[in-house]
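J.: Right, I'll just put the structure down here and ask away after.
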Amino acid sequence: MADPAFLRTPRLLRERRAVAARVHDWDEVYRPRALLPIIGGQASRCMDCGLPFCHQACPLGNLIPEWNRLVSADDWRDAVERLSATNNFPEFTGRLCPAPCESACVLAINADAVTIKNIELAIADHAWEHGLEPPRPPARTTGRTVAVVGSGPAGLAAAQQLTRAGHAVTVYERADRVGGLLRYGIPDFRLEKHRLDRRVDQLRSEGTEFRTGVAVGTDLPADTLRARCDALVLAVGATSWRELPVPGRESAGVHQAMEYLPLANRVVAGDLPVSPVDARGRHVVVIGGGDTAADCVGTAVRQEALDVRQLDINPQPPAARPLTQPWPVHAKVRHETTSHEEAGELWPPRPDEHDIRAYAAATVRFDTDPAGRVRAVRFAEAAPGSRAPVPGTEQVLAADLVLLALGFTGTDHGSGLAGQLGIGLDARGNLARDHRFAAGPEGVFVAGDAGRGQSLVVWAIAEGRAAAAAVDRYLTGRDELPAPICPEDRAITAEDLPPLPT
């Protein structure tokens with residue numbers, strides 16, 4: 001290979017809007033169309049490996065080297081076709097996925113990985129801008145009916161695949177709008193909702209029907225719904241949030257992240273004039289270390305909090321890939337989200353330090369005022385392994401709004417949906433299913449976080465596609481829809497590797 005592009009072209013990412021500008025609106029944080037001037041050169045950095053580990057690391061099995069090569073050749077139409085072959089919603093994954101594919105890029109062994117996520121996003125946005133994402137209704141129908149419960153990424157992906165296969169699909173959503181956590185859990189500064197709306201419009205044009213405001217299991221008995229259709233797909237997510245059982249948890253001003261974020265999204269959508277749980281003028285403490293915690297930070301910034309701090313019980317990750325997590329593992333390394341960049345610039349803990357996060361921080365209790373409202377968070381150093389508070393290390397943070405972003409422990413069992421259908425639960429509280437996504441009762445399938453547990457949007461889409469293939473096979477006996485994964489498949493992790501020699 002003469003003068004390969006990755007030797008002469010540095011890795012470049014898309015440009016963010018200035019913090020001072022973006023914290024005053026809810027628009028996406030990146031500059032519009034900032035990708036196009038650089039994306040062809042970035043795609044040319046791909047080595048088109050004989051064994052593309054990026055392809056293996058992607059739950060969707062995206063054909064990454066193929067569309068990299070097409071973009072570098074300025075063949076956008078074919079690049080859109082290759083991306084759409086494996087991913088129903090690349091404009092979502094291009095914005096929300098943590099890109100395990102880039103961790104597995106062969107170039108990343110000793111250099112900067114190809115900007116796969118940005119290239120994917122550029123292809124997706126180009127497709128919409130140039131009319132390359134038309135509705136694709138089926139040429140013929142099968143006469144079979146499928147009900148999909150839940151309209152998050154797994155439910156939407158399953159519905160689109162099954163509709164395009166010719167089945168009559170109806171999606172049931174308990175909220176007032178379609179989209180699940182894409183609608184009410186992800187802030188607009190990460191995913192503007194017009195992008196979700198146009199996908200839903202596409203599904204409707206293809207023939208998918210939507211019924212919102214219907215809670216299956218309560219408003220509509222699940223067994224009644226099952227009797228009305230030929231197959232049922234449960235894509236209800238993992239919405240049972242994890243609690244923090246410490247003294248003062250019941251104090252006013254302590255809220256779950258999924259109580260806080262949906263209300264903020266409704267304000268942006270124009271449903272509410274102001275959120276009942278608003279950070280304006282408050283000292284905010286976010287407890288948790290994941291993407292949802294970062295979303296709470298960015299939302300509080302835009303609501304004009306007095307300041308924001310975050311407590312993460314996990315140790316501070318290293319800045320670079322550790323030896324215990326070698327390539328192609330998706331390593332746990334320290335990274336700064338756009339929300340942390342904003343909060344750190346506005347409220348730096350110290351003049352030379354802009355990270356608002358405290359690591360290895362175990363919450364001890366919430367202090368309250370005489371009226372029972374939270375006024376401070378007490379935390380201590382978390383002991384390695386046990387995560388128990390270390391005596392003598394306690395600190396105090398002023399707080400009159402505390403947000404718990406601790407993840408989810410399984411699907412919501414309050415609806416009675418599982419009991420009505422006779423579905424069991426696995427050891428983690430998820431809906432039990434087999435390797436073909438079947439839940440036990442005849443014709444009932446489980447997709448996404450409801451069966452997998454809390455995971456990534458890319459896994460939800462992949463599971464929706466694979467579950468759709470299983471449903472189509474059940475209804476017709478054919479084997480035509482692509483099935484990229486089975487429930488046991490996952491990306492390589494450090495636990496898969498042999499121990500390092502001592």
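Chain labels run A, B, ... following the order of the structure tokens; each chain numbers its residues from 1, and ligands are numbered from 1 in the order shown.
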Would you list the contacts of region 176-182 of chain A as a list in words, taking every protein, DNA or RNA residue within 9 Å and counting only C-alpha atoms, but skipping same-chain residues closer than 5 positions in sequence?
T.: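 The residues satisfying every condition are Phe92, Gly150, Ser151, Gly152, Pro153, Gly155, Leu156, Val171, Pro187, Leu191, Lys193, Leu196, Asp197, Val200, Phe210, Arg211, Thr212, Gly213, Val214, Val236, Gly237, Pro262 and Val457 of chain A.
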J.: Taking the DSSP secondary structure from the backbone, can you list the residues of region 111-266 of chain A that are strand (DSSP E or B), as a PyMOL selection string?
T.: chain A and resi 145-149+168-173+209-212+216+220+231-234+241+252+254-256
J.: Go through A:Gly419, A:Gly207, A:Pro100, A:Gly288 one by one, measure the shortest atom-to-atom distance of each to Phe53 (chain A) using only C-alpha atoms, and give the residue with the smallest value.
T.: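 Smallest distance to Phe53 (chain A) is found for A:Pro100.
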J.: Could you please determine the separation between CA of Gly344 (chain A) and CA of Arg16 (chain A) in Å, to one decimal place?
T.: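 Separation between CA of Gly344 (chain A) and CA of Arg16 (chain A): 15.5 Å.
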J.: Write out as a ChimeraX atom specification each polymer residue whose atoms come within 8 Å of Arg321 (chain A), counting only C-alpha atoms; drop sequence neighbours fewer than 3 positions from it.
T.: /A:318,325-326,331-333
J.: Please provide as JSON, numbers by chain all residues within 12 Å of region 385-396 of chain A, with the sequence filter that same-chain residues fewer than 2 positions apart are discarded (counting only C-alpha atoms).
T.: {"A": [246, 285, 309, 311, 312, 313, 314, 315, 358, 359, 360, 361, 362, 363, 364, 365, 366, 367, 375, 376, 377, 378, 379, 380, 381, 382, 383, 398, 399]}
J.: Please provide the set of residues having any atom within 6 Å of His283 (chain A), restricted to only C-alpha atoms, with same-chain residues fewer than 5 positions apart removed, written as a PyMOL selection string.
T.: chain A and resi 306-307+399-400
J.: With a distance cut-off of 7 Å and only C-alpha atoms, select the neighbouring residues of region 73-90 of chain A, excluding the residue or stretch itself and same-chain residues fewer than 3 positions from it, and output the selection as a PyMOL selection string.
T.: chain A and resi 60-63+67+69-70+93-94+120-121+123-124+127+157
J.: Which polymer residues have any atom within 8 Å of an atom of region 131-146 of chain A, counting only C-alpha atoms, with same-chain residues fewer than 3 positions away left out, as a tab-separated table (two decimals) with N, CA and C atoms, in the first residue's frame?
T.:
```tsv
chain	number	residue	atom	x	y	z
A	77	ARG	N	-24.61	7.52	-2.65
A	77	ARG	CA	-25.82	6.73	-2.84
A	77	ARG	C	-25.59	5.27	-2.45
A	80	VAL	N	-25.14	4.92	1.34
A	80	VAL	CA	-26.43	4.89	2.04
A	80	VAL	C	-27.05	3.50	1.96
A	126	HIS	N	-26.86	12.69	5.10
A	126	HIS	CA	-26.87	12.88	3.64
A	126	HIS	C	-28.09	12.19	3.03
A	127	ALA	N	-28.41	11.00	3.54
A	127	ALA	CA	-29.55	10.27	2.99
A	127	ALA	C	-30.84	11.07	3.12
A	128	TRP	N	-31.06	11.66	4.29
A	128	TRP	CA	-32.29	12.44	4.48
A	128	TRP	C	-32.27	13.73	3.67
A	163	THR	N	-43.11	-4.82	9.00
A	163	THR	CA	-43.98	-4.15	8.03
A	163	THR	C	-43.43	-4.32	6.62
A	164	ARG	N	-42.13	-4.12	6.45
A	164	ARG	CA	-41.52	-4.25	5.13
A	164	ARG	C	-41.56	-5.69	4.63
A	165	ALA	N	-41.70	-6.64	5.56
A	165	ALA	CA	-41.84	-8.05	5.16
A	165	ALA	C	-43.26	-8.39	4.75
A	166	GLY	N	-44.19	-7.45	4.91
A	166	GLY	CA	-45.56	-7.66	4.44
A	166	GLY	C	-46.59	-7.95	5.52
A	167	HIS	N	-46.19	-7.93	6.79
A	167	HIS	CA	-47.15	-8.18	7.86
A	167	HIS	C	-47.86	-6.88	8.25
A	168	ALA	N	-49.05	-7.02	8.79
A	168	ALA	CA	-49.80	-5.87	9.30
A	168	ALA	C	-49.38	-5.64	10.75
A	169	VAL	N	-48.68	-4.54	11.00
A	169	VAL	CA	-48.06	-4.30	12.30
A	169	VAL	C	-48.72	-3.11	12.98
A	170	THR	N	-49.06	-3.30	14.25
A	170	THR	CA	-49.56	-2.21	15.08
A	170	THR	C	-48.67	-2.09	16.31
A	202	GLN	N	-42.05	7.96	8.38
A	202	GLN	CA	-41.66	6.96	7.37
A	202	GLN	C	-42.33	5.62	7.65
A	203	LEU	N	-42.32	5.19	8.92
A	203	LEU	CA	-42.96	3.92	9.28
A	203	LEU	C	-44.45	3.96	8.97
A	205	SER	N	-45.93	5.75	6.69
A	205	SER	CA	-46.09	5.71	5.24
A	205	SER	C	-45.90	4.30	4.70
A	206	GLU	N	-45.11	3.50	5.39
A	206	GLU	CA	-44.89	2.12	4.96
A	206	GLU	C	-46.03	1.20	5.36
A	207	GLY	N	-46.86	1.66	6.30
A	207	GLY	CA	-48.01	0.86	6.70
A	207	GLY	C	-48.09	0.51	8.17
A	229	CYS	N	-53.97	-11.11	17.62
A	229	CYS	CA	-52.93	-11.05	16.59
A	229	CYS	C	-52.27	-12.41	16.43
A	230	ASP	N	-51.52	-12.53	15.35
A	230	ASP	CA	-50.82	-13.78	15.07
A	230	ASP	C	-49.50	-13.90	15.82
A	231	ALA	N	-48.92	-12.77	16.18
A	231	ALA	CA	-47.68	-12.78	16.96
A	231	ALA	C	-47.60	-11.48	17.76
A	232	LEU	N	-46.89	-11.56	18.87
A	232	LEU	CA	-46.76	-10.42	19.78
A	232	LEU	C	-45.29	-10.22	20.12
A	233	VAL	N	-44.81	-8.98	19.95
A	233	VAL	CA	-43.43	-8.64	20.29
A	233	VAL	C	-43.45	-7.68	21.47
A	475	LEU	N	-44.05	-17.02	11.56
A	475	LEU	CA	-45.31	-16.82	10.85
A	475	LEU	C	-45.32	-17.45	9.46
```
J.: One decimal, in Å: what's the spacing between CA of Tyr172 (chain A) and CA of Leu431 (chain A)?
T.: 18.0 Å
J.: Would you return as number ranges by chain the members of region 95-295 of chain A that DSSP assigns to helix (DSSP H, G or I) on this structure's backbone?
T.: A: 95-96, 100-103, 106-109, 116-129, 153-164, 181-184, 193-206, 222-228, 257-269, 291-295
J.: Using only C-alpha atoms, which of A:Thr476, A:Ser415, A:Asn430, A:Ser251 sits nearest Thr218 (chain A)?
T.: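 Between A:Thr476, A:Ser415, A:Asn430, A:Ser251, the residue approaching Thr218 (chain A) most closely is A:Ser415.
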